[in-house]
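Colleague: Coordinates in query-v1.cif, mmCIF, C-alpha atoms, are listed below.
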data_coords
#
loop_
_atom_site.label_atom_id
_atom_site.label_comp_id
_atom_site.auth_asym_id
_atom_site.auth_seq_id
_atom_site.Cartn_x
_atom_site.Cartn_y
_atom_site.Cartn_z
CA MET A 1 13.17 17.89 6.71
CA HIS A 2 11.55 21.30 7.15
CA MET A 3 9.54 22.07 10.25
CA PHE A 4 5.77 21.89 10.13
CA GLU A 5 2.82 21.90 12.46
CA TYR A 6 0.95 18.67 13.04
CA LEU A 7 -2.84 18.69 13.45
CA GLN A 8 -5.18 15.77 13.94
CA PRO A 9 -8.84 16.57 13.21
CA ARG A 10 -11.65 14.18 14.10
CA THR A 11 -14.01 14.83 11.17
CA ALA A 12 -13.62 15.33 7.43
CA ILE A 13 -15.33 18.74 7.64
CA GLU A 14 -12.85 19.85 10.30
CA ALA A 15 -9.95 18.59 8.18
CA GLU A 16 -11.17 20.52 5.14
CA ALA A 17 -11.47 23.69 7.24
CA LEU A 18 -7.87 23.27 8.45
CA LEU A 19 -6.66 22.75 4.89
CA LEU A 20 -8.47 25.85 3.67
CA ALA A 21 -7.26 27.97 6.59
CA ASN A 22 -3.62 27.15 5.86
CA GLU A 23 -2.66 27.58 2.24
CA GLU A 24 0.50 25.46 2.45
CA ALA A 25 -1.09 22.69 4.51
CA ARG A 26 -1.23 19.13 3.20
CA ALA A 27 -3.36 16.22 4.26
CA ILE A 28 -1.46 13.07 5.24
CA SER A 29 -3.08 9.64 5.29
CA GLY A 30 -0.61 6.73 5.16
CA GLY A 31 2.18 9.07 4.09
CA MET A 32 3.76 6.53 1.75
CA SER A 33 4.19 9.14 -0.99
CA LEU A 34 4.08 12.42 0.92
CA LEU A 35 6.62 11.58 3.63
CA PRO A 36 9.36 10.50 1.17
CA ALA A 37 8.58 13.63 -0.89
CA MET A 38 9.08 15.75 2.23
CA LYS A 39 12.43 14.08 2.93
CA LEU A 40 13.51 15.03 -0.58
CA ARG A 41 12.22 18.61 -0.09
CA LEU A 42 9.84 18.05 -3.01
CA ALA A 43 7.09 18.96 -0.57
CA ALA A 44 7.41 21.36 2.36
CA PRO A 45 3.97 21.79 3.90
CA SER A 46 3.44 24.35 6.65
CA HIS A 47 0.97 22.04 8.37
CA LEU A 48 0.29 18.32 8.17
CA ILE A 49 -3.35 17.47 8.62
CA ASP A 50 -3.32 13.83 9.78
CA LEU A 51 -6.50 12.07 8.67
CA SER A 52 -5.91 8.88 10.66
CA GLY A 53 -8.19 9.93 13.52
CA ILE A 54 -11.25 10.38 11.29
CA GLU A 55 -13.33 7.26 11.93
CA GLU A 56 -15.98 8.12 9.31
CA MET A 57 -13.33 7.66 6.58
CA ARG A 58 -12.52 4.02 7.38
CA GLY A 59 -14.01 0.65 6.57
CA THR A 60 -15.90 -1.20 3.87
CA SER A 61 -19.59 -1.87 3.28
CA VAL A 62 -21.92 -3.18 0.59
CA ASP A 63 -25.32 -1.70 -0.07
CA ASP A 64 -27.56 -2.04 -3.12
CA ASN A 65 -24.85 -3.63 -5.26
CA VAL A 66 -22.31 -0.91 -4.46
CA LEU A 67 -19.11 -1.52 -2.50
CA THR A 68 -18.10 1.57 -0.54
CA ILE A 69 -14.58 1.87 0.85
CA GLY A 70 -13.51 4.61 3.24
CA ALA A 71 -10.60 6.68 1.96
CA MET A 72 -8.46 5.91 5.03
CA THR A 73 -8.77 2.15 4.55
CA ARG A 74 -5.31 0.69 4.17
CA HIS A 75 -4.22 -1.53 1.28
CA ALA A 76 -3.73 -4.53 3.61
CA GLU A 77 -7.25 -4.04 4.98
CA VAL A 78 -8.76 -3.98 1.48
CA ALA A 79 -6.73 -7.05 0.47
CA ARG A 80 -7.91 -8.99 3.53
CA SER A 81 -11.47 -7.71 3.76
CA SER A 82 -13.97 -10.53 3.35
CA VAL A 83 -16.47 -7.90 2.18
CA VAL A 84 -14.19 -6.79 -0.67
CA ARG A 85 -13.04 -10.31 -1.54
CA GLN A 86 -16.63 -11.40 -1.93
CA ALA A 87 -17.91 -8.30 -3.74
CA ILE A 88 -14.99 -7.48 -6.08
CA PRO A 89 -12.22 -10.10 -5.73
CA GLY A 90 -10.17 -8.38 -8.43
CA LEU A 91 -9.99 -5.26 -6.26
CA ALA A 92 -8.73 -7.23 -3.25
CA ALA A 93 -6.12 -8.83 -5.49
CA LEU A 94 -5.05 -5.42 -6.79
CA ALA A 95 -4.58 -4.15 -3.23
CA SER A 96 -2.53 -7.24 -2.30
CA GLY A 97 -0.02 -6.40 -5.04
CA ILE A 98 0.68 -2.75 -4.21
CA GLY A 99 4.22 -1.94 -3.04
CA ASP A 100 5.42 -4.30 -0.34
CA ARG A 101 3.86 -5.66 2.85
CA GLN A 102 5.01 -2.75 5.02
CA VAL A 103 3.70 -0.22 2.49
CA ARG A 104 0.35 -2.04 2.32
CA ASN A 105 0.09 -1.75 6.11
CA ARG A 106 0.26 2.05 5.92
CA GLY A 107 -0.87 3.27 2.48
CA THR A 108 -4.53 4.10 1.94
CA ILE A 109 -6.87 3.95 -1.03
CA GLY A 110 -7.85 7.61 -0.65
CA GLY A 111 -4.24 8.74 -0.50
CA SER A 112 -3.39 6.74 -3.59
CA ILE A 113 -6.15 8.10 -5.77
CA ALA A 114 -5.85 11.70 -4.51
CA ASN A 115 -2.14 11.50 -5.40
CA SER A 116 -2.88 10.27 -8.95
CA ASP A 117 0.59 8.85 -9.44
CA PRO A 118 0.82 7.92 -13.14
CA ALA A 119 1.96 4.38 -12.24
CA ALA A 120 -0.22 3.69 -9.19
CA CYS A 121 -2.56 0.68 -9.20
CA TYR A 122 -5.67 2.01 -7.45
CA PRO A 123 -6.53 4.66 -10.08
CA ALA A 124 -7.02 1.80 -12.58
CA SER A 125 -9.65 0.27 -10.29
CA VAL A 126 -11.51 3.54 -9.78
CA LEU A 127 -11.66 4.25 -13.52
CA GLY A 128 -11.98 0.64 -14.68
CA LEU A 129 -14.85 -0.13 -12.34
CA GLY A 130 -16.61 3.18 -13.00
CA ALA A 131 -16.46 4.19 -9.35
CA THR A 132 -17.69 7.43 -7.81
CA VAL A 133 -15.32 9.48 -5.66
CA MET A 134 -17.09 11.06 -2.70
CA THR A 135 -16.04 14.22 -0.88
CA PRO A 136 -17.87 16.25 1.77
CA ARG A 137 -18.92 18.62 -1.06
CA ARG A 138 -19.92 16.39 -3.97
CA ARG A 139 -19.68 13.11 -5.85
CA ILE A 140 -17.17 12.94 -8.70
CA ALA A 141 -17.45 10.36 -11.48
CA ALA A 142 -14.22 8.42 -12.08
CA ASP A 143 -14.21 9.63 -15.70
CA ASP A 144 -13.89 13.22 -14.42
CA PHE A 145 -11.56 12.60 -11.47
CA PHE A 146 -8.09 11.90 -12.91
CA VAL A 147 -6.93 14.84 -15.01
CA GLY A 148 -3.12 14.78 -15.20
CA VAL A 149 0.22 13.85 -13.67
CA PHE A 150 -0.38 13.92 -9.91
CA GLU A 151 -3.49 15.97 -10.70
CA THR A 152 -7.14 15.31 -9.95
CA ALA A 153 -10.42 17.21 -10.06
CA LEU A 154 -10.18 17.86 -6.31
CA GLU A 155 -10.39 21.53 -5.40
CA PRO A 156 -8.14 23.19 -2.82
CA GLY A 157 -8.92 21.76 0.59
CA GLU A 158 -11.24 19.08 -0.81
CA LEU A 159 -10.82 15.59 0.66
CA VAL A 160 -11.75 12.19 -0.68
CA THR A 161 -13.81 10.54 2.06
CA HIS A 162 -15.13 7.40 0.32
CA ILE A 163 -15.01 5.60 -3.00
CA ALA A 164 -18.16 3.84 -4.20
CA PHE A 165 -17.58 0.93 -6.59
CA PRO A 166 -20.54 -0.55 -8.48
CA ILE A 167 -20.09 -4.31 -8.14
CA PRO A 168 -19.35 -5.72 -11.61
CA GLU A 169 -20.32 -9.11 -12.95
CA ARG A 170 -16.60 -9.80 -13.23
CA SER A 171 -13.31 -7.93 -13.18
CA ALA A 172 -9.58 -8.45 -12.89
CA TYR A 173 -6.42 -6.39 -12.71
CA VAL A 174 -3.09 -7.46 -14.16
CA LYS A 175 0.07 -5.44 -13.93
CA PHE A 176 3.48 -5.79 -15.47
CA GLN A 177 5.43 -4.44 -12.56
CA GLN A 178 8.67 -2.54 -12.39
CA PRO A 179 10.49 -5.14 -10.31
CA ALA A 180 12.20 -2.76 -7.88
CA SER A 181 9.37 -0.35 -7.14
CA ARG A 182 6.41 -2.69 -7.77
CA PHE A 183 4.72 0.21 -9.51
CA ALA A 184 2.99 -0.65 -12.75
CA LEU A 185 5.08 -0.38 -15.90
CA VAL A 186 1.65 -1.01 -17.34
CA GLY A 187 -1.41 -2.16 -15.40
CA VAL A 188 -4.81 -2.97 -16.87
CA LEU A 189 -8.13 -3.34 -15.10
CA VAL A 190 -10.95 -4.93 -17.09
CA SER A 191 -14.52 -5.07 -15.86
CA ARG A 192 -17.84 -6.19 -17.27
CA SER A 193 -20.99 -4.96 -15.57
CA ARG A 194 -24.21 -6.91 -15.24
CA ASP A 195 -25.68 -5.02 -18.20
CA GLY A 196 -22.71 -6.02 -20.39
CA THR A 197 -20.84 -2.70 -20.30
CA VAL A 198 -17.09 -3.25 -20.51
CA ARG A 199 -14.50 -0.84 -19.15
CA VAL A 200 -10.74 -1.09 -19.70
CA ALA A 201 -8.53 1.24 -17.64
CA VAL A 202 -4.77 1.48 -18.11
CA THR A 203 -2.28 2.83 -15.58
CA GLY A 204 1.49 3.29 -15.80
CA ALA A 205 1.45 4.03 -19.52
CA SER A 206 0.64 7.74 -19.73
CA SER A 207 0.35 10.95 -17.68
CA HIS A 208 -2.55 9.45 -15.77
CA VAL A 209 -4.91 6.49 -15.89
CA PHE A 210 -7.03 6.30 -19.07
CA ARG A 211 -9.63 4.16 -20.82
CA VAL A 212 -9.17 2.45 -24.19
CA PRO A 213 -12.41 2.58 -26.24
CA SER A 214 -11.16 0.22 -28.97
CA LEU A 215 -10.50 -2.53 -26.43
CA GLU A 216 -13.80 -1.89 -24.66
CA GLN A 217 -15.77 -2.17 -27.91
CA ALA A 218 -14.04 -5.38 -28.90
CA LEU A 219 -14.71 -6.93 -25.49
CA ALA A 220 -18.33 -5.75 -25.44
CA ALA A 221 -18.81 -7.73 -28.66
CA GLU A 222 -16.90 -10.77 -27.44
CA PHE A 223 -15.48 -11.04 -23.90
CA THR A 224 -12.53 -13.29 -24.71
CA PRO A 225 -8.74 -12.79 -24.66
CA GLY A 226 -8.65 -13.38 -28.40
CA ALA A 227 -10.91 -10.41 -29.04
CA VAL A 228 -8.21 -7.92 -28.03
CA GLU A 229 -4.90 -9.63 -28.76
CA ASN A 230 -4.36 -8.02 -32.14
CA ILE A 231 -5.64 -4.52 -31.45
CA ALA A 232 -2.93 -1.92 -32.01
CA ILE A 233 -2.59 0.92 -29.48
CA ASP A 234 -1.60 4.44 -30.58
CA THR A 235 1.76 5.33 -29.01
CA GLU A 236 1.43 9.11 -29.23
CA GLU A 237 0.34 9.73 -25.62
CA LEU A 238 2.36 6.91 -24.05
CA ASN A 239 5.35 7.24 -21.72
CA SER A 240 8.89 6.37 -22.68
CA ASP A 241 11.49 5.98 -19.95
CA ILE A 242 14.47 3.81 -19.01
CA HIS A 243 12.13 0.95 -18.10
CA GLY A 244 10.32 0.80 -21.42
CA ASP A 245 9.57 2.93 -24.46
CA ALA A 246 6.14 3.86 -25.79
CA ASP A 247 6.13 0.99 -28.31
CA TYR A 248 6.81 -1.48 -25.51
CA ARG A 249 4.02 -0.09 -23.37
CA ALA A 250 1.68 -0.06 -26.38
CA HIS A 251 2.45 -3.74 -26.90
CA LEU A 252 1.80 -4.55 -23.24
CA ILE A 253 -1.66 -2.94 -23.14
CA PRO A 254 -3.58 -5.51 -25.26
CA VAL A 255 -1.43 -8.37 -23.91
CA LEU A 256 -2.28 -7.50 -20.29
CA THR A 257 -5.90 -6.78 -21.25
CA ALA A 258 -6.17 -10.29 -22.68
CA ARG A 259 -4.67 -11.74 -19.49
CA ALA A 260 -7.09 -9.72 -17.36
CA VAL A 261 -10.03 -10.99 -19.42
CA ASP A 262 -8.78 -14.53 -18.94
CA LEU A 263 -8.39 -13.99 -15.19
CA ALA A 264 -11.79 -12.31 -14.88
CA SER A 265 -13.40 -15.28 -16.61
CA LYS A 266 -12.19 -17.70 -13.96
CA PRO A 267 -14.66 -18.10 -11.12
CA ASP A 268 -13.37 -16.93 -7.74
CA ALA A 269 -10.06 -15.83 -9.22
CA VAL A 270 -8.42 -13.73 -6.53
CA GLY A 271 -5.49 -13.45 -8.83
CA LYS A 272 -1.89 -14.42 -9.08
CA ILE A 273 -0.44 -11.33 -10.64
CA MET B 274 -0.72 21.87 20.43
CA ALA B 275 1.68 20.28 22.85
CA ASN B 276 4.31 18.37 20.92
CA LYS B 277 4.10 15.33 23.12
CA VAL B 278 3.75 11.73 21.99
CA SER B 279 2.51 9.01 24.23
CA LEU B 280 2.86 5.38 23.22
CA THR B 281 3.81 1.93 24.41
CA VAL B 282 7.19 0.50 23.38
CA ASN B 283 7.82 -3.16 24.14
CA GLY B 284 5.19 -3.04 26.84
CA ARG B 285 6.59 0.08 28.50
CA SER B 286 4.60 3.31 28.53
CA VAL B 287 6.59 6.19 27.04
CA GLN B 288 5.92 9.94 26.84
CA ARG B 289 8.29 12.38 25.16
CA GLU B 290 8.29 15.89 23.78
CA VAL B 291 9.35 15.72 20.12
CA GLU B 292 9.23 17.87 17.01
CA PRO B 293 6.49 16.83 14.60
CA ARG B 294 9.13 16.09 11.94
CA THR B 295 10.78 13.42 14.13
CA LEU B 296 10.61 10.07 12.39
CA LEU B 297 9.57 7.02 14.38
CA ALA B 298 12.96 5.42 13.61
CA THR B 299 14.77 8.49 14.97
CA PHE B 300 12.51 8.56 17.99
CA LEU B 301 13.33 4.94 18.84
CA ARG B 302 17.05 5.27 18.22
CA GLU B 303 17.90 8.75 19.46
CA HIS B 304 15.17 9.66 21.93
CA LEU B 305 14.77 6.23 23.53
CA GLY B 306 18.31 4.98 22.86
CA MET B 307 17.03 1.76 21.31
CA THR B 308 19.45 1.26 18.47
CA GLY B 309 18.37 -2.24 17.53
CA THR B 310 16.11 -0.67 14.90
CA HIS B 311 18.44 0.21 12.02
CA ILE B 312 18.17 2.90 9.38
CA GLY B 313 19.52 1.59 6.10
CA CYS B 314 18.32 3.53 3.09
CA ASP B 315 16.06 6.12 4.75
CA THR B 316 13.93 6.02 1.56
CA SER B 317 11.32 3.33 2.34
CA GLN B 318 13.11 0.68 0.31
CA CYS B 319 15.28 -1.57 2.45
CA GLY B 320 13.09 -2.43 5.45
CA CYS B 321 15.97 -2.41 7.97
CA CYS B 322 13.89 -0.06 10.14
CA THR B 323 10.85 -2.37 10.28
CA VAL B 324 9.02 -2.44 13.61
CA LEU B 325 5.53 -3.60 14.56
CA VAL B 326 2.91 -0.92 15.15
CA ASP B 327 -0.14 -2.53 16.74
CA GLY B 328 1.07 -5.79 15.21
CA ASP B 329 1.55 -4.43 11.68
CA ALA B 330 5.04 -4.40 10.16
CA VAL B 331 5.88 -0.84 9.10
CA LYS B 332 9.00 1.00 8.00
CA SER B 333 9.72 3.32 10.90
CA CYS B 334 11.74 5.67 8.68
CA THR B 335 8.54 6.42 6.78
CA MET B 336 6.31 7.29 9.69
CA PHE B 337 6.39 10.27 12.03
CA ALA B 338 6.59 9.54 15.74
CA PHE B 339 3.38 11.56 16.02
CA GLN B 340 1.60 9.10 13.75
CA ALA B 341 2.43 6.40 16.29
CA ASN B 342 0.76 8.33 19.10
CA GLY B 343 -1.40 5.98 21.17
CA THR B 344 -0.08 2.83 19.51
CA SER B 345 1.81 -0.16 20.83
CA ILE B 346 5.24 -0.64 19.24
CA THR B 347 7.34 -3.78 19.23
CA THR B 348 11.00 -3.54 18.30
CA ILE B 349 13.72 -6.16 18.08
CA GLU B 350 14.60 -5.41 21.71
CA GLY B 351 11.13 -6.54 22.77
CA LEU B 352 11.01 -9.96 21.13
CA ALA B 353 12.89 -12.18 23.56
CA SER B 354 11.22 -12.88 26.86
CA ASP B 355 12.60 -14.43 30.06
CA GLY B 356 15.94 -14.91 28.35
CA ARG B 357 14.36 -17.01 25.60
CA MET B 358 14.57 -15.98 21.98
CA HIS B 359 11.44 -15.48 19.93
CA PRO B 360 10.84 -18.43 17.51
CA VAL B 361 11.87 -16.24 14.55
CA GLN B 362 15.12 -15.26 16.27
CA ALA B 363 15.79 -18.90 17.18
CA ALA B 364 15.16 -19.96 13.58
CA PHE B 365 17.61 -17.30 12.33
CA GLN B 366 20.26 -18.70 14.66
CA GLU B 367 19.53 -22.32 13.75
CA HIS B 368 19.51 -21.72 9.98
CA HIS B 369 22.18 -19.02 9.91
CA GLY B 370 19.78 -16.45 8.46
CA LEU B 371 22.26 -13.59 8.65
CA GLN B 372 25.77 -12.58 7.74
CA CYS B 373 26.69 -8.95 8.50
CA GLY B 374 23.56 -8.48 10.58
CA PHE B 375 22.60 -5.01 9.41
CA CYS B 376 19.27 -5.99 7.87
CA THR B 377 18.57 -8.59 10.52
CA SER B 378 16.51 -6.66 13.05
CA GLY B 379 14.16 -5.34 10.35
CA MET B 380 14.09 -8.71 8.63
CA VAL B 381 13.17 -10.49 11.86
CA MET B 382 10.41 -7.98 12.70
CA SER B 383 8.99 -8.29 9.20
CA ILE B 384 9.02 -12.09 9.46
CA VAL B 385 7.33 -12.01 12.86
CA GLU B 386 4.34 -10.34 11.19
CA LEU B 387 4.55 -12.75 8.27
CA VAL B 388 4.41 -15.94 10.33
CA GLU B 389 1.76 -14.48 12.64
CA LYS B 390 -0.62 -13.33 9.89
CA TYR B 391 -0.16 -15.76 7.01
CA ASP B 392 -0.85 -19.43 6.80
CA GLY B 393 0.19 -21.83 4.05
CA LEU B 394 3.55 -20.16 3.46
CA ASP B 395 5.93 -21.86 1.05
CA GLU B 396 9.26 -20.83 -0.42
CA ALA B 397 7.74 -18.88 -3.32
CA SER B 398 5.27 -16.95 -1.18
CA VAL B 399 7.91 -16.16 1.46
CA ARG B 400 10.25 -14.77 -1.19
CA GLU B 401 7.38 -12.69 -2.60
CA LEU B 402 6.14 -11.45 0.76
CA LEU B 403 9.65 -10.45 1.91
CA ASP B 404 9.96 -7.95 -0.93
CA GLY B 405 9.96 -5.07 1.55
CA ASN B 406 13.25 -6.18 3.11
CA ILE B 407 16.58 -6.11 1.36
CA CYS B 408 19.62 -8.18 2.38
CA ARG B 409 22.92 -7.58 0.58
CA CYS B 410 24.78 -10.57 2.05
CA THR B 411 22.86 -13.78 2.12
CA GLY B 412 21.08 -14.11 -1.18
CA TYR B 413 18.03 -14.72 1.04
CA HIS B 414 18.39 -18.48 0.94
CA ASN B 415 18.88 -19.05 4.67
CA ILE B 416 16.46 -16.26 5.54
CA VAL B 417 13.76 -18.14 3.61
CA LYS B 418 14.73 -21.39 5.36
CA ALA B 419 14.55 -19.69 8.75
CA THR B 420 11.16 -18.16 7.89
CA LEU B 421 9.68 -21.49 6.88
CA ALA B 422 11.07 -23.13 10.02
CA ALA B 423 9.58 -20.38 12.20
CA ALA B 424 6.27 -20.71 10.36
CA ASP B 425 6.28 -24.42 11.19
CA VAL B 426 6.81 -23.62 14.87
CA TYR B 427 3.87 -21.23 14.73
CA ARG B 428 1.62 -23.72 12.98
CA SER B 429 2.43 -26.58 15.31
CA GLY B 430 2.67 -24.61 18.53
CA SER B 431 0.31 -22.53 20.58
CA ALA B 432 1.15 -19.41 18.62
CA ALA B 433 -1.45 -20.10 15.94
CA ALA B 434 -1.63 -17.88 12.87
CA THR B 435 -4.23 -15.20 13.37
CA HIS B 436 -5.48 -14.93 9.78
CA THR B 437 -5.71 -18.49 8.60
CA ASP B 438 -7.53 -17.70 5.37
CA THR B 439 -5.22 -15.11 4.03
CA LEU B 440 -2.30 -16.26 2.04
CA LEU B 441 -3.25 -13.44 -0.25
CA ARG B 442 -1.21 -14.19 -3.30
CA SER B 443 -1.60 -17.92 -3.70
#
Give the structure from the file, written as structure tokens.
Modeller:
Amino acid sequence: MHMFEYLQPRTAIEAEALLLANEEARAISGGMSLLPAMKLRLAAPSHLIDLSGIEEMRGTSVDDNVLTIGAMTRHAEVARSSVVRQAIPGLAALASGIGDRQVRNRGTIGGSIANSDPAACYPASVLGLGATVMTPRRRIAADDFFVGVFETALEPGELVTHIAFPIPERSAYVKFQQPASRFALVGVLVSRSRDGTVRVAVTGASSHVFRVPSLEQALAAEFTPGAVENIAIDTEELNSDIHGDADYRAHLIPVLTARAVDLASKPDAVGKI
Amino acid sequence: MANKVSLTVNGRSVQREVEPRTLLATFLREHLGMTGTHIGCDTSQCGCCTVLVDGDAVKSCTMFAFQANGTSITTIEGLASDGRMHPVQAAFQEHHGLQCGFCTSGMVMSIVELVEKYDGLDEASVRELLDGNICRCTGYHNIVKATLAAADVYRSGSAAATHTDTLLRS
């Protein structure tokens, strides 16, 4: 691995200044994606800005029907949090299914969404729950945040500090996982808000997480598994790889959506995925 | 900044000068000479390098020593006390939970966290929750048996599970 300098700021503002001052610097949170990339020489930062000492970026809270999670909160913490399990049980269930136990003890929600891995689980929750991504500079709507493969709307040096999730009436996430990596071959998060708005976000199937208007409209009219089972998904933008071709992923999207609707309709379903 | 890390390893306070790129696994094995922690795949898959960092099982090949600054680490060398094996080690011996032994130290450390943090474990949940550790010999059967036996010891003994409500994937 190449040499780098290691810096540990205490505030998000300080971290952003360090990132801006060093063009080749990278922020590291849990390091579950960045550290393996550095071993492979896919990333060779001049400086690592370790965010783990920034207390303001940790923890969970609920205020005015919004669940706010600090970007440095680890997957295991989200999965176990009584605050999250009560507010959005589907989100706690999603976190409990990421990677393996050791990965969940290190990886963070902010790191996952800032990385925008096409097959990561958390982006589906941010988009599917209509969350707001907060940085020291601004608030970014989920619909504007994920823009491409490993690409987000974040500007150079800009850090995710918190994610604010409006608490839905119900939601659930179901993934069809690649059995070795536990990444989503396809993952679907379905939510229905208190005013009846339905969002369906799909990860693993394309360059980045996306919504499916045809499924959302069908579920807004009738929130049942049967409402979406026979809706065909256009394969043009979908991934094909050794694990599954675009037709296969297109088939999985309404199937998993129906399962998520079923799961979301069960009271207190924390979710066997 | 001074490239010095300061942490506790198996109850012993340790300070060393290291390069920032030094992995925790390398630090334990090469700087401290504690070779019980194994490096199998070096790609975050196999879990042979699992140690406890402040009680959490982590893959020490996927963490810089610097990230462990100020923490308390437990490795396989720190489990037995007063010549008595830890209940997970004893269960591995009793149920023959190993063959070649390469994965064993990481497997045992991972299972220590499992039995300490999770209640209501059964065969299916143990198999699921051990997905971060790979064994190429045993087919996992006796590892699962040993885990369930160790979990029973924890449940019945003074070492009560710390998170009794959190069998997360039931």
Colleague: Counting only C-alpha atoms, note down every residue that has an atom within 12 Å of the point (0.8, 3.3, 21.5) (file coordinates), as a PyMOL selection string.
Modeller: chain B and resi 278-288+297+325-328+338-347
Colleague: Select residues of chain B: the criterion is any atom within 6 Å of an atom of chain A, counting only C-alpha atoms; output as a ChimeraX atom specification.
Modeller: /B:330-331,404-405,442
Colleague: Using the chain letters and numbers from the file, give me the residues hit by the PyMOL selection byres ((chain B and resi 411-425) around 9), as number ranges by chain.
Modeller: B: 360-373, 380-381, 384-385, 387-389, 391-396, 399-400, 403, 407-410, 426-430, 434
Colleague: Pull C-alpha atoms from the residues just selected and write them as a compact mmCIF listing (two decimals), in the coordinates of the input.
Modeller:
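Final file, out.txt:
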# COMPACT_ATOMS: atom_id res chain seq x y z
CA PRO B 360 10.84 -18.43 17.51
CA VAL B 361 11.87 -16.24 14.55
CA GLN B 362 15.12 -15.26 16.27
CA ALA B 363 15.79 -18.90 17.18
CA ALA B 364 15.16 -19.96 13.58
CA PHE B 365 17.61 -17.30 12.33
CA GLN B 366 20.26 -18.70 14.66
CA GLU B 367 19.53 -22.32 13.75
CA HIS B 368 19.51 -21.72 9.98
CA HIS B 369 22.18 -19.02 9.91
CA GLY B 370 19.78 -16.45 8.46
CA LEU B 371 22.26 -13.59 8.65
CA GLN B 372 25.77 -12.58 7.74
CA CYS B 373 26.69 -8.95 8.50
CA MET B 380 14.09 -8.71 8.63
CA VAL B 381 13.17 -10.49 11.86
CA ILE B 384 9.02 -12.09 9.46
CA VAL B 385 7.33 -12.01 12.86
CA LEU B 387 4.55 -12.75 8.27
CA VAL B 388 4.41 -15.94 10.33
CA GLU B 389 1.76 -14.48 12.64
CA TYR B 391 -0.16 -15.76 7.01
CA ASP B 392 -0.85 -19.43 6.80
CA GLY B 393 0.19 -21.83 4.05
CA LEU B 394 3.55 -20.16 3.46
CA ASP B 395 5.93 -21.86 1.05
CA GLU B 396 9.26 -20.83 -0.42
CA VAL B 399 7.91 -16.16 1.46
CA ARG B 400 10.25 -14.77 -1.19
CA LEU B 403 9.65 -10.45 1.91
CA ILE B 407 16.58 -6.11 1.36
CA CYS B 408 19.62 -8.18 2.38
CA ARG B 409 22.92 -7.58 0.58
CA CYS B 410 24.78 -10.57 2.05
CA VAL B 426 6.81 -23.62 14.87
CA TYR B 427 3.87 -21.23 14.73
CA ARG B 428 1.62 -23.72 12.98
CA SER B 429 2.43 -26.58 15.31
CA GLY B 430 2.67 -24.61 18.53
CA ALA B 434 -1.63 -17.88 12.87
Colleague: So which residues touch range 132-136 of chain A within 10 Å, counting only C-alpha atoms, skipping near sequence neighbours fewer than 5 positions away, as a PyMOL selection string?
Modeller: chain A and resi 12-13+16+68+70-71+110+113-114+126-127+141-145+154+158-166
Colleague: Kindly save the residues from that selection, with C-alpha atoms included, as a PDB file, in the frame of the given file.
Modeller:
ATOM      1  CA  ALA A  12     -13.620  15.330   7.430  1.00  0.00           C
ATOM      2  CA  ILE A  13     -15.330  18.740   7.640  1.00  0.00           C
ATOM      3  CA  GLU A  16     -11.170  20.520   5.140  1.00  0.00           C
ATOM      4  CA  THR A  68     -18.100   1.570  -0.540  1.00  0.00           C
ATOM      5  CA  GLY A  70     -13.510   4.610   3.240  1.00  0.00           C
ATOM      6  CA  ALA A  71     -10.600   6.680   1.960  1.00  0.00           C
ATOM      7  CA  GLY A 110      -7.850   7.610  -0.650  1.00  0.00           C
ATOM      8  CA  ILE A 113      -6.150   8.100  -5.770  1.00  0.00           C
ATOM      9  CA  ALA A 114      -5.850  11.700  -4.510  1.00  0.00           C
ATOM     10  CA  VAL A 126     -11.510   3.540  -9.780  1.00  0.00           C
ATOM     11  CA  LEU A 127     -11.660   4.250 -13.520  1.00  0.00           C
ATOM     12  CA  ALA A 141     -17.450  10.360 -11.480  1.00  0.00           C
ATOM     13  CA  ALA A 142     -14.220   8.420 -12.080  1.00  0.00           C
ATOM     14  CA  ASP A 143     -14.210   9.630 -15.700  1.00  0.00           C
ATOM     15  CA  ASP A 144     -13.890  13.220 -14.420  1.00  0.00           C
ATOM     16  CA  PHE A 145     -11.560  12.600 -11.470  1.00  0.00           C
ATOM     17  CA  LEU A 154     -10.180  17.860  -6.310  1.00  0.00           C
ATOM     18  CA  GLU A 158     -11.240  19.080  -0.810  1.00  0.00           C
ATOM     19  CA  LEU A 159     -10.820  15.590   0.660  1.00  0.00           C
ATOM     20  CA  VAL A 160     -11.750  12.190  -0.680  1.00  0.00           C
ATOM     21  CA  THR A 161     -13.810  10.540   2.060  1.00  0.00           C
ATOM     22  CA  HIS A 162     -15.130   7.400   0.320  1.00  0.00           C
ATOM     23  CA  ILE A 163     -15.010   5.600  -3.000  1.00  0.00           C
ATOM     24  CA  ALA A 164     -18.160   3.840  -4.200  1.00  0.00           C
ATOM     25  CA  PHE A 165     -17.580   0.930  -6.590  1.00  0.00           C
ATOM     26  CA  PRO A 166     -20.540  -0.550  -8.480  1.00  0.00           C
TER      27      PRO A 166
END
Colleague: Distance CA of Glu386 in chain B-CA of Val78 in chain A, one decimal place?
Modeller: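 About the pair CA of Glu386 in chain B and CA of Val78 in chain A: they are 17.5 Å apart.
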Colleague: Please, what distance in Å, to one decimal, runs between CA of Glu236 in chain A and CA of His208 in chain A?
Modeller: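 Computing it gives 14.0 Å between the two atoms.
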Colleague: Counting all atoms listed in the file, find residues at most 10 Å from (-5.0, 2.4, -7.7) (file frame) and give them as a ChimeraX atom specification.
Modeller: /A:75,91,94-95,98,108-127,184,187,189,203,209
Colleague: Can you list, as JSON, numbers by chain, the residues that the PyMOL selection byres ((chain B and resi 314) around 12) selects here?
Modeller: {"A": [36], "B": [298, 311, 312, 313, 315, 316, 317, 318, 319, 320, 321, 322, 323, 332, 333, 334, 335, 375, 376, 406, 407, 408]}
